[in-house]
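J.: File follows, protein_11.txt with compact mmCIF, C-alpha atoms and all ligand atoms:
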```txt
# COMPACT_ATOMS: atom_id res chain seq x y z
CA MET M 884 110.71 -35.16 -76.86
CA ILE M 885 112.70 -31.94 -76.69
CA VAL M 886 110.58 -30.30 -74.01
CA VAL M 887 107.60 -31.33 -71.91
CA LYS M 888 104.32 -29.54 -72.59
CA LEU M 889 101.39 -29.61 -70.23
CA LEU M 890 97.87 -28.25 -70.29
CA HIS M 891 96.51 -27.19 -66.92
CA VAL M 892 92.74 -27.51 -66.60
CA GLY M 893 91.00 -26.02 -63.58
CA ASP M 894 87.65 -26.81 -61.99
CA LEU M 895 85.46 -28.65 -64.51
CA HIS M 896 82.33 -29.21 -62.39
CA ILE M 897 80.95 -31.60 -64.99
CA GLY M 898 77.20 -31.92 -64.57
CA LYS M 899 76.71 -28.43 -63.16
CA SER M 900 73.67 -26.42 -64.11
CA LEU M 901 73.09 -22.69 -64.05
CA PHE M 902 69.66 -22.19 -62.50
CA LYS M 903 67.40 -24.45 -64.58
CA PHE M 904 69.83 -24.65 -67.49
CA ASP M 905 71.78 -27.84 -67.90
CA LEU M 906 75.35 -27.00 -68.98
CA ILE M 907 76.34 -30.38 -70.42
CA GLU M 908 76.35 -29.09 -73.99
CA ASP M 909 78.41 -26.04 -72.96
CA GLN M 910 80.82 -28.26 -71.08
CA LYS M 911 81.27 -30.64 -74.00
CA TYR M 912 81.98 -27.64 -76.23
CA ILE M 913 84.79 -26.48 -73.90
CA LEU M 914 86.21 -29.96 -73.38
CA GLN M 915 86.39 -30.37 -77.15
CA GLN M 916 88.46 -27.16 -77.27
CA ILE M 917 90.80 -28.61 -74.67
CA VAL M 918 91.22 -31.78 -76.71
CA ASN M 919 91.86 -29.68 -79.82
CA ALA M 920 94.43 -27.55 -77.98
CA ALA M 921 96.18 -30.67 -76.69
CA GLU M 922 96.45 -31.98 -80.23
CA LYS M 923 97.43 -28.67 -81.82
CA HIS M 924 100.17 -27.88 -79.31
CA HIS M 925 101.43 -31.47 -79.12
CA VAL M 926 101.12 -31.56 -75.37
CA ASP M 927 102.38 -34.54 -73.44
CA ALA M 928 99.88 -34.41 -70.65
CA VAL M 929 96.72 -32.73 -69.44
CA LEU M 930 96.47 -31.96 -65.72
CA LEU M 931 92.97 -31.93 -64.23
CA ALA M 932 93.18 -30.07 -60.92
CA GLY M 933 90.08 -31.35 -59.15
CA ASP M 934 86.36 -30.63 -58.93
CA ILE M 935 86.06 -32.94 -61.90
CA TYR M 936 82.38 -33.38 -61.18
CA ASP M 937 80.07 -30.86 -59.60
CA THR M 938 78.76 -33.31 -57.03
CA SER M 939 79.86 -36.45 -55.26
CA GLN M 940 77.09 -38.39 -57.03
CA PRO M 941 77.23 -37.20 -60.64
CA ALA M 942 74.36 -37.83 -63.03
CA GLU M 943 74.71 -40.35 -65.86
CA LYS M 944 75.20 -37.68 -68.49
CA ALA M 945 78.02 -36.16 -66.44
CA VAL M 946 79.75 -39.54 -66.13
CA ASN M 947 79.30 -40.09 -69.87
CA LEU M 948 80.84 -36.73 -70.66
CA LEU M 949 83.95 -37.38 -68.55
CA ASP M 950 84.20 -40.84 -70.12
CA TRP M 951 84.11 -39.25 -73.58
CA PHE M 952 86.71 -36.59 -72.63
CA LEU M 953 89.19 -39.10 -71.20
CA ARG M 954 88.78 -41.36 -74.24
CA GLU M 955 89.40 -38.48 -76.64
CA LEU M 956 92.62 -37.59 -74.81
CA ALA M 957 93.74 -41.23 -74.73
CA GLN M 958 93.10 -41.54 -78.46
CA ILE M 959 95.45 -38.69 -79.28
CA LYS M 960 98.06 -40.28 -76.98
CA VAL M 961 97.98 -37.51 -74.39
CA LYS M 962 98.46 -38.55 -70.79
CA THR M 963 95.87 -37.41 -68.29
CA PHE M 964 96.61 -36.71 -64.63
CA MET M 965 93.54 -36.22 -62.50
CA ILE M 966 92.98 -35.40 -58.82
CA SER M 967 89.85 -35.00 -56.72
CA GLY M 968 88.50 -31.67 -55.50
CA ASN M 969 86.26 -30.88 -52.57
CA HIS M 970 83.18 -31.38 -54.75
CA ASP M 971 84.20 -34.89 -55.82
CA SER M 972 83.75 -38.19 -54.07
CA ASP M 973 87.36 -39.27 -53.75
CA VAL M 974 86.47 -42.98 -53.72
CA ARG M 975 84.19 -42.83 -56.75
CA LEU M 976 86.71 -40.80 -58.75
CA ASN M 977 89.40 -43.32 -57.89
CA PHE M 978 87.38 -46.08 -59.58
CA GLY M 979 89.41 -48.20 -62.01
CA LYS M 980 92.62 -46.31 -61.21
CA SER M 981 95.03 -49.20 -61.87
CA PHE M 982 93.27 -50.19 -65.10
CA PHE M 983 93.08 -46.62 -66.38
CA ALA M 984 96.82 -46.21 -65.84
CA LYS M 985 97.35 -48.72 -68.67
CA GLU M 986 95.64 -46.20 -70.96
CA ASN M 987 97.76 -43.33 -69.68
CA ILE M 988 95.07 -41.95 -67.39
CA TYR M 989 96.57 -41.42 -63.94
CA ILE M 990 94.25 -40.77 -61.03
CA GLY M 991 95.11 -39.48 -57.59
CA ALA M 992 91.72 -39.09 -55.97
CA VAL M 993 92.07 -40.82 -52.59
CA PHE M 994 94.76 -39.57 -50.26
CA ASP M 995 96.65 -42.58 -48.93
CA GLY M 996 99.35 -40.75 -46.99
CA LYS M 997 101.67 -40.25 -49.96
CA LEU M 998 101.93 -37.94 -52.94
CA GLY M 999 101.31 -39.83 -56.18
CA LYS M 1000 104.42 -39.61 -58.37
CA TYR M 1001 104.69 -40.21 -62.12
CA THR M 1002 107.59 -39.38 -64.37
CA LEU M 1003 107.69 -38.06 -67.94
CA GLU M 1004 110.94 -37.89 -69.88
CA ASP M 1005 112.38 -35.53 -72.45
CA GLU M 1006 115.90 -34.87 -73.71
CA GLN M 1007 116.66 -32.92 -70.54
CA GLY M 1008 115.74 -35.82 -68.30
CA PRO M 1009 112.79 -36.54 -66.03
CA VAL M 1010 109.80 -34.35 -65.23
CA ASN M 1011 108.03 -35.56 -62.11
CA ILE M 1012 104.30 -35.07 -61.86
CA TYR M 1013 103.03 -35.21 -58.28
CA LEU M 1014 99.35 -35.65 -57.50
CA LEU M 1015 97.89 -34.29 -54.28
CA PRO M 1016 94.14 -34.97 -53.98
CA PHE M 1017 92.03 -32.51 -51.99
CA ILE M 1018 93.03 -33.06 -48.36
CA LYS M 1019 92.08 -31.72 -44.99
CA ALA M 1020 94.55 -31.37 -42.15
CA SER M 1021 92.74 -34.16 -40.27
CA HIS M 1022 93.35 -36.63 -43.16
CA VAL M 1023 97.04 -35.91 -43.07
CA LYS M 1024 97.31 -36.20 -39.27
CA GLN M 1025 96.16 -39.82 -39.44
CA TYR M 1026 99.23 -40.69 -41.48
CA PHE M 1027 101.68 -38.55 -39.53
CA PRO M 1028 100.60 -38.82 -35.88
CA GLU M 1029 103.98 -37.55 -34.66
CA ALA M 1030 104.05 -34.45 -36.84
CA GLU M 1031 103.06 -30.96 -35.73
CA ILE M 1032 100.02 -30.27 -37.94
CA ASN M 1033 97.77 -27.41 -36.86
CA ASP M 1034 96.52 -26.15 -40.19
CA TYR M 1035 96.35 -26.95 -43.91
CA SER M 1036 99.68 -25.27 -44.64
CA GLU M 1037 101.46 -27.57 -42.21
CA ALA M 1038 99.51 -30.55 -43.53
CA VAL M 1039 100.47 -29.93 -47.15
CA ALA M 1040 104.04 -29.10 -46.14
CA GLN M 1041 104.27 -32.40 -44.24
CA VAL M 1042 103.09 -34.45 -47.23
CA ILE M 1043 105.53 -32.67 -49.56
CA GLU M 1044 108.43 -33.03 -47.12
CA ASP M 1045 107.69 -36.74 -46.85
CA ALA M 1046 107.91 -37.06 -50.66
CA ALA M 1047 111.58 -35.94 -50.56
CA ILE M 1048 111.44 -33.92 -53.78
CA ASP M 1049 114.68 -34.03 -55.79
CA THR M 1050 115.11 -30.35 -56.62
CA SER M 1051 117.79 -31.05 -59.22
CA GLU M 1052 115.00 -32.51 -61.36
CA ARG M 1053 111.95 -30.71 -62.76
CA ASN M 1054 108.87 -31.09 -60.60
CA VAL M 1055 105.21 -30.29 -61.11
CA ILE M 1056 102.42 -30.72 -58.57
CA VAL M 1057 98.67 -30.84 -59.14
CA ALA M 1058 96.70 -29.74 -56.04
CA HIS M 1059 93.27 -28.54 -54.99
CA GLN M 1060 93.67 -26.18 -52.06
CA PHE M 1061 93.07 -22.59 -50.99
CA VAL M 1062 96.52 -21.13 -51.61
CA ALA M 1063 96.75 -17.62 -50.22
CA GLY M 1064 100.17 -16.34 -51.17
CA SER M 1065 103.37 -15.84 -49.30
CA ASN M 1066 102.56 -16.03 -45.56
CA LEU M 1067 98.87 -15.89 -46.53
CA SER M 1068 99.32 -12.26 -47.55
CA THR M 1069 97.57 -12.35 -50.93
CA PRO M 1070 94.47 -14.53 -50.85
CA PRO M 1071 93.16 -15.36 -54.32
CA GLU M 1072 90.29 -13.45 -55.87
CA LEU M 1073 87.15 -15.56 -55.82
CA ALA M 1074 84.78 -15.93 -58.75
CA GLY M 1075 81.74 -16.43 -56.53
CA SER M 1076 80.90 -19.90 -57.81
CA GLU M 1077 83.37 -21.87 -55.70
CA GLY M 1078 80.65 -23.16 -53.40
CA THR M 1079 79.86 -23.02 -49.73
CA GLY M 1080 82.81 -23.45 -47.48
CA THR M 1081 85.19 -21.79 -49.90
CA ILE M 1082 83.89 -18.27 -49.61
CA SER M 1083 84.18 -18.06 -45.86
CA VAL M 1084 87.40 -20.01 -45.77
CA GLY M 1085 89.16 -19.59 -42.44
CA LEU M 1086 92.86 -19.03 -41.90
CA VAL M 1087 93.25 -22.68 -40.92
CA GLU M 1088 92.28 -23.83 -44.43
CA GLN M 1089 94.69 -21.49 -46.19
CA VAL M 1090 97.95 -22.75 -47.58
CA LYS M 1091 101.09 -20.61 -47.91
CA THR M 1092 102.70 -20.45 -51.35
CA GLU M 1093 106.05 -21.26 -49.72
CA VAL M 1094 105.10 -24.89 -49.16
CA PHE M 1095 105.30 -25.35 -52.94
CA ALA M 1096 108.81 -23.87 -53.21
CA ASP M 1097 110.31 -27.09 -54.60
CA PHE M 1098 108.03 -27.16 -57.64
CA ASP M 1099 108.71 -25.67 -61.04
CA TYR M 1100 104.98 -25.43 -61.67
CA VAL M 1101 102.00 -25.72 -59.32
CA ALA M 1102 98.75 -26.58 -61.12
CA LEU M 1103 96.00 -25.50 -58.76
CA GLY M 1104 92.28 -26.08 -58.66
CA HIS M 1105 89.64 -24.76 -56.20
CA ILE M 1106 89.38 -21.06 -57.06
CA HIS M 1107 87.37 -20.29 -60.18
CA SER M 1108 89.04 -17.03 -61.28
CA PRO M 1109 92.18 -17.66 -63.33
CA GLN M 1110 95.18 -16.13 -61.55
CA GLN M 1111 98.66 -16.64 -60.25
CA VAL M 1112 99.26 -16.73 -56.49
CA GLY M 1113 102.57 -15.15 -55.53
CA ARG M 1114 104.98 -16.23 -58.25
CA SER M 1115 103.73 -16.85 -61.79
CA GLU M 1116 104.40 -20.60 -61.64
CA VAL M 1117 101.83 -21.06 -58.87
CA ARG M 1118 98.57 -20.79 -60.70
CA TYR M 1119 94.83 -21.33 -60.60
CA ALA M 1120 93.65 -22.20 -64.09
CA GLY M 1121 90.13 -21.16 -63.07
CA SER M 1122 86.90 -22.95 -63.88
CA ILE M 1123 86.36 -23.97 -67.51
CA LEU M 1124 83.17 -21.91 -67.70
CA LYS M 1125 81.62 -18.99 -65.85
CA TYR M 1126 79.53 -20.69 -63.22
CA SER M 1127 77.79 -17.76 -61.52
CA ASP M 1128 76.37 -14.31 -62.08
CA LYS M 1129 79.27 -12.86 -60.11
CA ASP M 1130 81.72 -14.51 -62.47
CA THR M 1131 81.16 -12.40 -65.58
CA LYS M 1132 84.31 -10.30 -65.78
CA HIS M 1133 87.07 -12.91 -66.11
CA GLU M 1134 87.51 -14.59 -69.46
CA LYS M 1135 88.44 -18.21 -69.00
CA SER M 1136 91.75 -19.56 -70.19
CA LEU M 1137 93.84 -22.67 -70.40
CA PRO M 1138 97.47 -22.45 -69.23
CA LEU M 1139 99.92 -24.16 -71.58
CA ILE M 1140 103.13 -24.94 -69.69
CA THR M 1141 106.36 -25.64 -71.50
CA LEU M 1142 109.16 -27.01 -69.36
CA GLY M 1143 112.58 -26.53 -70.89
CA LYS M 1144 115.78 -26.95 -68.93
CA LYS M 1145 115.48 -26.85 -65.14
CA GLY M 1146 114.35 -23.33 -64.28
CA GLU M 1147 112.91 -22.60 -67.72
CA VAL M 1148 109.14 -22.51 -67.47
CA LYS M 1149 107.04 -20.85 -70.13
CA ILE M 1150 103.36 -20.18 -69.39
CA GLU M 1151 100.95 -19.20 -72.15
CA LEU M 1152 97.26 -18.64 -71.59
CA LEU M 1153 95.13 -20.09 -74.37
CA PRO M 1154 91.69 -18.47 -74.46
CA LEU M 1155 88.66 -20.70 -73.90
CA LYS M 1156 85.62 -19.65 -75.92
CA PRO M 1157 82.29 -20.69 -74.44
CA LEU M 1158 79.35 -21.85 -76.53
CA ARG M 1159 77.24 -19.30 -74.65
CA ASP M 1160 78.72 -16.54 -72.54
CA VAL M 1161 77.39 -15.54 -69.11
CA ARG M 1162 76.79 -11.81 -68.90
CA HIS M 1163 74.79 -8.94 -67.48
CA ILE M 1164 72.47 -6.68 -69.46
CA LYS M 1165 71.27 -3.40 -67.97
CA GLY M 1166 68.78 -0.91 -69.33
CA CYS M 1167 65.11 -0.13 -69.86
CA MET M 1168 63.01 -2.88 -71.38
CA LYS M 1169 62.55 -0.87 -74.56
CA GLU M 1170 66.32 -0.57 -75.10
CA ILE M 1171 67.05 -4.15 -74.13
CA ILE M 1172 64.70 -5.66 -76.67
CA ALA M 1173 65.32 -3.06 -79.39
CA LYS M 1174 66.46 -4.84 -82.54
CA GLU M 1175 69.75 -2.93 -82.81
CA ASN M 1176 70.70 -3.91 -79.24
CA LEU M 1177 70.04 -7.63 -79.58
CA LYS M 1178 73.26 -9.60 -79.81
CA ASP M 1179 74.46 -13.06 -78.84
CA THR M 1180 70.91 -13.79 -77.80
CA ASP M 1181 71.78 -17.40 -76.97
CA ASP M 1182 73.98 -16.28 -74.04
CA TYR M 1183 73.05 -16.80 -70.42
CA VAL M 1184 72.00 -13.33 -69.33
CA TYR M 1185 71.21 -11.65 -66.06
CA VAL M 1186 68.98 -8.66 -66.68
CA THR M 1187 68.72 -5.49 -64.65
CA LEU M 1188 65.76 -3.37 -65.70
CA GLN M 1189 66.02 0.37 -65.16
CA ASP M 1190 62.37 1.14 -65.85
CA GLU M 1191 60.76 3.20 -63.07
CA ASP M 1192 57.52 1.24 -63.36
CA TYR M 1193 57.46 -2.49 -62.81
CA ILE M 1194 56.60 -4.42 -65.94
CA ASN M 1195 54.12 -7.23 -65.87
CA ASP M 1196 55.64 -10.58 -66.75
CA ALA M 1197 58.94 -8.94 -67.66
CA MET M 1198 60.83 -12.23 -67.58
CA SER M 1199 58.68 -13.84 -70.27
CA ILE M 1200 59.12 -10.79 -72.47
CA ILE M 1201 62.90 -11.00 -72.06
CA GLN M 1202 62.90 -14.74 -72.70
CA GLN M 1203 61.29 -14.25 -76.09
CA TYR M 1204 64.50 -12.48 -77.11
CA TYR M 1205 66.98 -14.16 -74.78
CA PRO M 1206 65.81 -17.75 -74.30
CA HIS M 1207 68.61 -18.38 -71.77
CA ALA M 1208 67.75 -15.43 -69.53
CA ILE M 1209 68.49 -16.52 -65.99
CA ASN M 1210 67.38 -13.85 -63.61
CA LEU M 1211 65.91 -10.40 -63.53
CA ASP M 1212 66.03 -7.51 -61.10
CA TYR M 1213 65.40 -3.78 -61.09
CA ASP M 1214 67.59 -0.78 -60.56
CA ASN M 1215 65.35 2.29 -60.21
CA GLN M 1216 64.39 5.02 -57.73
CA HIS M 1217 62.48 2.55 -55.62
CA THR M 1218 65.21 -0.11 -55.31
CA ARG M 1219 67.83 2.57 -54.64
CA SER M 1220 65.84 4.09 -51.78
CA MET M 1221 65.33 0.60 -50.36
CA GLU M 1222 69.09 0.08 -50.47
CA GLN M 1223 69.64 3.34 -48.63
CA VAL M 1224 67.28 2.28 -45.89
CA GLU M 1225 69.10 -1.05 -45.56
CA ALA M 1226 72.48 0.67 -45.51
CA SER M 1227 71.41 3.12 -42.81
CA GLN M 1228 70.02 0.25 -40.76
CA GLN M 1229 73.34 -1.51 -40.95
CA GLU M 1230 75.28 1.46 -39.66
CA GLU M 1231 76.84 0.74 -36.33
CA ARG M 1232 74.55 1.74 -33.53
CA SER M 1233 75.03 1.30 -29.84
CA PHE M 1234 72.89 -1.06 -27.80
CA LYS M 1235 71.40 1.95 -26.04
CA GLU M 1236 70.23 3.53 -29.29
CA ILE M 1237 68.73 0.33 -30.61
CA ALA M 1238 66.98 -0.40 -27.31
CA ALA M 1239 65.63 3.17 -27.06
CA ASP M 1240 64.28 2.98 -30.62
CA PHE M 1241 62.70 -0.37 -29.97
CA TYR M 1242 61.05 0.87 -26.77
CA GLN M 1243 59.72 3.92 -28.57
CA GLN M 1244 58.23 1.76 -31.34
CA ILE M 1245 56.56 -0.69 -28.98
CA PHE M 1246 55.33 1.60 -26.17
CA GLY M 1247 55.10 4.87 -28.05
CA GLU M 1248 57.09 6.74 -25.38
CA GLU M 1249 60.66 7.28 -24.28
CA ILE M 1250 62.40 4.75 -22.12
CA THR M 1251 63.22 5.95 -18.61
CA PRO M 1252 66.83 5.95 -17.34
CA GLU M 1253 65.89 3.29 -14.73
CA GLU M 1254 64.43 0.98 -17.34
CA MET M 1255 67.46 1.46 -19.57
CA GLU M 1256 69.75 0.47 -16.72
CA ILE M 1257 67.85 -2.77 -16.19
CA LEU M 1258 67.93 -3.54 -19.92
CA GLU M 1259 71.65 -2.85 -20.13
CA ALA M 1260 72.43 -5.03 -17.14
CA ALA M 1261 70.42 -7.87 -18.72
CA ALA M 1262 72.20 -7.41 -22.05
CA ARG M 1263 75.63 -7.49 -20.40
CA GLU M 1264 74.72 -10.63 -18.53
CA ALA M 1265 73.56 -12.26 -21.76
CA GLY M 1266 76.83 -11.26 -23.43
CA ILE M 1267 75.06 -9.15 -26.06
CA THR M 1268 76.88 -6.00 -25.09
CA ASN M 1269 79.85 -5.02 -23.01
CA GLU M 1270 79.11 -1.32 -23.26
CA ALA M 1271 79.70 0.58 -20.07
CA ASN M 1272 76.91 2.72 -18.70
MN MN O 1 85.46 -25.78 -57.75
```
Once you've parsed the file, please lay out its structure as structure tokens.
Ligand SMILES: [Mn+2]

T.:
Amino acid sequence: MIVVKLLHVGDLHIGKSLFKFDLIEDQKYILQQIVNAAEKHHVDAVLLAGDIYDTSQPAEKAVNLLDWFLRELAQIKVKTFMISGNHDSDVRLNFGKSFFAKENIYIGAVFDGKLGKYTLEDEQGPVNIYLLPFIKASHVKQYFPEAEINDYSEAVAQVIEDAAIDTSERNVIVAHQFVAGSNLSTPPELAGSEGTGTISVGLVEQVKTEVFADFDYVALGHIHSPQQVGRSEVRYAGSILKYSDKDTKHEKSLPLITLGKKGEVKIELLPLKPLRDVRHIKGCMKEIIAKENLKDTDDYVYVTLQDEDYINDAMSIIQQYYPHAINLDYDNQHTRSMEQVEASQQEERSFKEIAADFYQQIFGEEITPEEMEILEAAAREAGITNEAN
């Protein structure tokens, strides 16, 4: 080997469905592209950065699909490195780990206090692949009771420090964390399909890019939009497919990493082409189903109707043309005025104004200053308001 080539695969979520549509066929289509890319580009290893399955108890067809994928990669003599994500059961994913290693499938799904370390070789010397399963700060604390660990950044930093990375060699880490840039200054852009807990991620869960300073490439999973975080070698590959209606603008890609001499890292993004795209269609029913406007009718589509009048059974009409239509809503005079009402209701109003309005609605007359004083005192006591009189 002259250089080491790696493919970085982000969140797979095998077994996921989009509303009532089972995505197994779409997922197999993408995984086949990954196998083909691995073969075409003569890669040495494929890195799977967690959220392998969509749930901790995957369905049989999901398990069968991963089994097929790993076998395909093993057959073309490509090594696979796989970690767990927050959606996976770490114990279940770790199943057969020592046996799989004989077939060049390396799993780091259960955190046991240490970074998993494997070494590839080329003419330049070793390339170390480190595996960090999805961890929480509390996991790490159990193994380092003496260490100062208050958040995920310190937890990950502690595990990496303990691994004593030899920075004269080339080092790659596979991790599944919320990495939010240098000093948490540039949080990643979410795709909207990451799942509960990710969207409202608190500062404690965020990891600074700096903790990965010793690595020549950081193969991240967790965030579904493909992007770099801070420097270009710290990267989210993104999910393999668009997994939500909010995730329609980013095309998915597969980072191909070529490691030359120490310090020489080339990153190419290979496009991933889905079997069916996920997209939005907007217009009046007449336009949407007009013959000249019908295209890629097998796609998963979200439809926004702009007709002023509501159409009876609109979804079944759409589905005759777009059998994978997922959801339908309206954008017309009526919905826009509703939105305005909601927006005006959300404007910041003082406790006094809200209370006065409420009183007016219930009793049909204005609240007296004495009554307002009593209400305000009660609200302050309850901690609802700290407004002064
Ligand atoms: Mn995920």

J.: Between CA of Leu998 in chain M and CA of Asn1066 in chain M, what is the distance, to one decimal in Å?

T.: 23.1 Å

J.: Select, from M:Asp971, M:Glu1072, M:Glu1077, M:Asp1034, the residue with the minimum atom-to-atom distance to ligand MN 1 (chain O), counting only C-alpha atoms and all ligand atoms.

T.: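 Comparing M:Asp971, M:Glu1072, M:Glu1077, M:Asp1034 against ligand MN 1 (chain O), the winner is M:Glu1077.
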
J.: Just want the 12 Å neighbourhood of Val1087 in chain M, counted on only C-alpha atoms, with same-chain residues fewer than 3 positions away dropped. Output as a PyMOL selection string.

T.: chain M and resi 1019-1021+1032-1039+1060-1063+1067+1083-1084+1090-1091

J.: Restricting the calculation to all atoms listed in the file: of M:Asp934, M:Glu908, M:Asp1196, M:Glu1249, which residue gets closest to ligand MN 1 (chain O)?

T.: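 Of M:Asp934, M:Glu908, M:Asp1196, M:Glu1249, the one nearest ligand MN 1 (chain O) is M:Asp934, counting all atoms listed in the file.
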
J.: Sort by chain and increasing residue number a table of all residues of chain M within 8 Å of ligand MN 1 (chain O), each with its closest pair of atoms and their distance in Å to one decimal, counting only C-alpha atoms and all ligand atoms, and write it as CSV.

T.:
```
residue,atom,partner,partner_atom,distance
M:Asp894,CA,O:MN1,MN,4.9
M:Leu895,CA,O:MN1,MN,7.3
M:His896,CA,O:MN1,MN,6.6
M:Gly933,CA,O:MN1,MN,7.4
M:Asp934,CA,O:MN1,MN,5.1
M:Asp937,CA,O:MN1,MN,7.6
M:Gly968,CA,O:MN1,MN,7.0
M:Asn969,CA,O:MN1,MN,7.3
M:His970,CA,O:MN1,MN,6.7
M:Ser1076,CA,O:MN1,MN,7.4
M:Glu1077,CA,O:MN1,MN,4.9
M:Gly1078,CA,O:MN1,MN,7.0
M:Gly1104,CA,O:MN1,MN,6.9
M:His1105,CA,O:MN1,MN,4.6
M:Ile1106,CA,O:MN1,MN,6.2
M:His1107,CA,O:MN1,MN,6.3
M:Ser1122,CA,O:MN1,MN,6.9
```

J.: Write out, as a PDB file, in the frame of the given file, the residues just selected, with C-alpha atoms.

T.:
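To be explicit, this is the file written out as out_17.pdb:
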```pdb
ATOM      1  CA  ASP M 894      87.650 -26.810 -61.990  1.00  0.00           C
ATOM      2  CA  LEU M 895      85.460 -28.650 -64.510  1.00  0.00           C
ATOM      3  CA  HIS M 896      82.330 -29.210 -62.390  1.00  0.00           C
ATOM      4  CA  GLY M 933      90.080 -31.350 -59.150  1.00  0.00           C
ATOM      5  CA  ASP M 934      86.360 -30.630 -58.930  1.00  0.00           C
ATOM      6  CA  ASP M 937      80.070 -30.860 -59.600  1.00  0.00           C
ATOM      7  CA  GLY M 968      88.500 -31.670 -55.500  1.00  0.00           C
ATOM      8  CA  ASN M 969      86.260 -30.880 -52.570  1.00  0.00           C
ATOM      9  CA  HIS M 970      83.180 -31.380 -54.750  1.00  0.00           C
ATOM     10  CA  SER M1076      80.900 -19.900 -57.810  1.00  0.00           C
ATOM     11  CA  GLU M1077      83.370 -21.870 -55.700  1.00  0.00           C
ATOM     12  CA  GLY M1078      80.650 -23.160 -53.400  1.00  0.00           C
ATOM     13  CA  GLY M1104      92.280 -26.080 -58.660  1.00  0.00           C
ATOM     14  CA  HIS M1105      89.640 -24.760 -56.200  1.00  0.00           C
ATOM     15  CA  ILE M1106      89.380 -21.060 -57.060  1.00  0.00           C
ATOM     16  CA  HIS M1107      87.370 -20.290 -60.180  1.00  0.00           C
ATOM     17  CA  SER M1122      86.900 -22.950 -63.880  1.00  0.00           C
TER      18      SER M1122
END
```

J.: Give me the residues within 9 Å of range 1098-1100 of chain M as a PDB file with C-alpha atoms, keeping the file's coordinate frame, counting only C-alpha atoms and dropping any in the same chain fewer than 2 places off.

T.:
```pdb
ATOM      1  CA  ILE M1048     111.440 -33.920 -53.780  1.00  0.00           C
ATOM      2  CA  THR M1050     115.110 -30.350 -56.620  1.00  0.00           C
ATOM      3  CA  ARG M1053     111.950 -30.710 -62.760  1.00  0.00           C
ATOM      4  CA  ASN M1054     108.870 -31.090 -60.600  1.00  0.00           C
ATOM      5  CA  VAL M1055     105.210 -30.290 -61.110  1.00  0.00           C
ATOM      6  CA  ILE M1056     102.420 -30.720 -58.570  1.00  0.00           C
ATOM      7  CA  VAL M1057      98.670 -30.840 -59.140  1.00  0.00           C
ATOM      8  CA  PHE M1095     105.300 -25.350 -52.940  1.00  0.00           C
ATOM      9  CA  ALA M1096     108.810 -23.870 -53.210  1.00  0.00           C
ATOM     10  CA  ALA M1102      98.750 -26.580 -61.120  1.00  0.00           C
ATOM     11  CA  SER M1115     103.730 -16.850 -61.790  1.00  0.00           C
ATOM     12  CA  GLU M1116     104.400 -20.600 -61.640  1.00  0.00           C
ATOM     13  CA  VAL M1117     101.830 -21.060 -58.870  1.00  0.00           C
ATOM     14  CA  ARG M1118      98.570 -20.790 -60.700  1.00  0.00           C
ATOM     15  CA  ILE M1140     103.130 -24.940 -69.690  1.00  0.00           C
ATOM     16  CA  LEU M1142     109.160 -27.010 -69.360  1.00  0.00           C
ATOM     17  CA  LYS M1145     115.480 -26.850 -65.140  1.00  0.00           C
ATOM     18  CA  GLY M1146     114.350 -23.330 -64.280  1.00  0.00           C
ATOM     19  CA  GLU M1147     112.910 -22.600 -67.720  1.00  0.00           C
ATOM     20  CA  VAL M1148     109.140 -22.510 -67.470  1.00  0.00           C
TER      21      VAL M1148
END
```

J.: Would you pick out the contacts of Asp1179 in chain M at 10 Å or less, using only C-alpha atoms, so that residues sharing its chain but fewer than 4 positions from it are not included, and give the list as a list in words?

T.: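 Residues meeting the cut-off are Arg1159, Asp1160, Tyr1183, Val1184 and Tyr1205 of chain M.
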
J.: Store the residues picked out above in a file with C-alpha atoms, as a compact mmCIF listing (two decimals), keeping the file's coordinate frame.

T.:
```txt
# COMPACT_ATOMS: atom_id res chain seq x y z
CA ARG M 1159 77.24 -19.30 -74.65
CA ASP M 1160 78.72 -16.54 -72.54
CA TYR M 1183 73.05 -16.80 -70.42
CA VAL M 1184 72.00 -13.33 -69.33
CA TYR M 1205 66.98 -14.16 -74.78
```

J.: I need the residue nearest Gly1075 in chain M from this list: M:Gln1189, M:Ser1127, M:Thr938, M:Gln1111. Use all atoms listed in the file for the distance.

T.: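 Among the listed residues, the smallest separation from Gly1075 in chain M belongs to M:Ser1127.
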
J.: Kindly indicate which residue among M:Ile1237, M:Val1010, M:Leu890, M:Ala957 lies nearest to Tyr989 in chain M, using only C-alpha atoms for the distances.

T.: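 Going through M:Ile1237, M:Val1010, M:Leu890, M:Ala957 one by one, the smallest distance to Tyr989 in chain M is for M:Ala957.
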
J.: Distance table requested - range 1117-1209 of chain M against range 915-918 of chain M, cut-off 12 Å, all atoms listed in the file: one row per qualifying residue with the closest atom pair and its distance in Å to one decimal, ordered by chain and rising residue number, as CSV.

T.:
```
residue,atom,partner,partner_atom,distance
M:Ile1123,CA,M:Ile917,CA,9.6
M:Ser1136,CA,M:Ile917,CA,10.1
M:Leu1137,CA,M:Ile917,CA,7.9
M:Pro1138,CA,M:Ile917,CA,10.6
M:Leu1139,CA,M:Ile917,CA,10.6
M:Leu1153,CA,M:Ile917,CA,9.6
M:Pro1154,CA,M:Gln916,CA,9.7
M:Leu1155,CA,M:Gln916,CA,7.3
M:Lys1156,CA,M:Gln916,CA,8.1
M:Pro1157,CA,M:Gln916,CA,9.4
M:Leu1158,CA,M:Gln916,CA,10.6
```

J.: Excluding Lys1165 in chain M and any residue of its chain fewer than 3 positions from it, enumerate the residues within 9 Å of it, using only C-alpha atoms, and give them as a tab-separated table (two decimals) with C-alpha atoms, in the coordinates of the input.

T.:
```
chain	number	residue	atom	x	y	z
M	1168	MET	CA	63.01	-2.88	-71.38
M	1171	ILE	CA	67.05	-4.15	-74.13
M	1185	TYR	CA	71.21	-11.65	-66.06
M	1186	VAL	CA	68.98	-8.66	-66.68
M	1187	THR	CA	68.72	-5.49	-64.65
M	1188	LEU	CA	65.76	-3.37	-65.70
M	1189	GLN	CA	66.02	0.37	-65.16
M	1214	ASP	CA	67.59	-0.78	-60.56
```
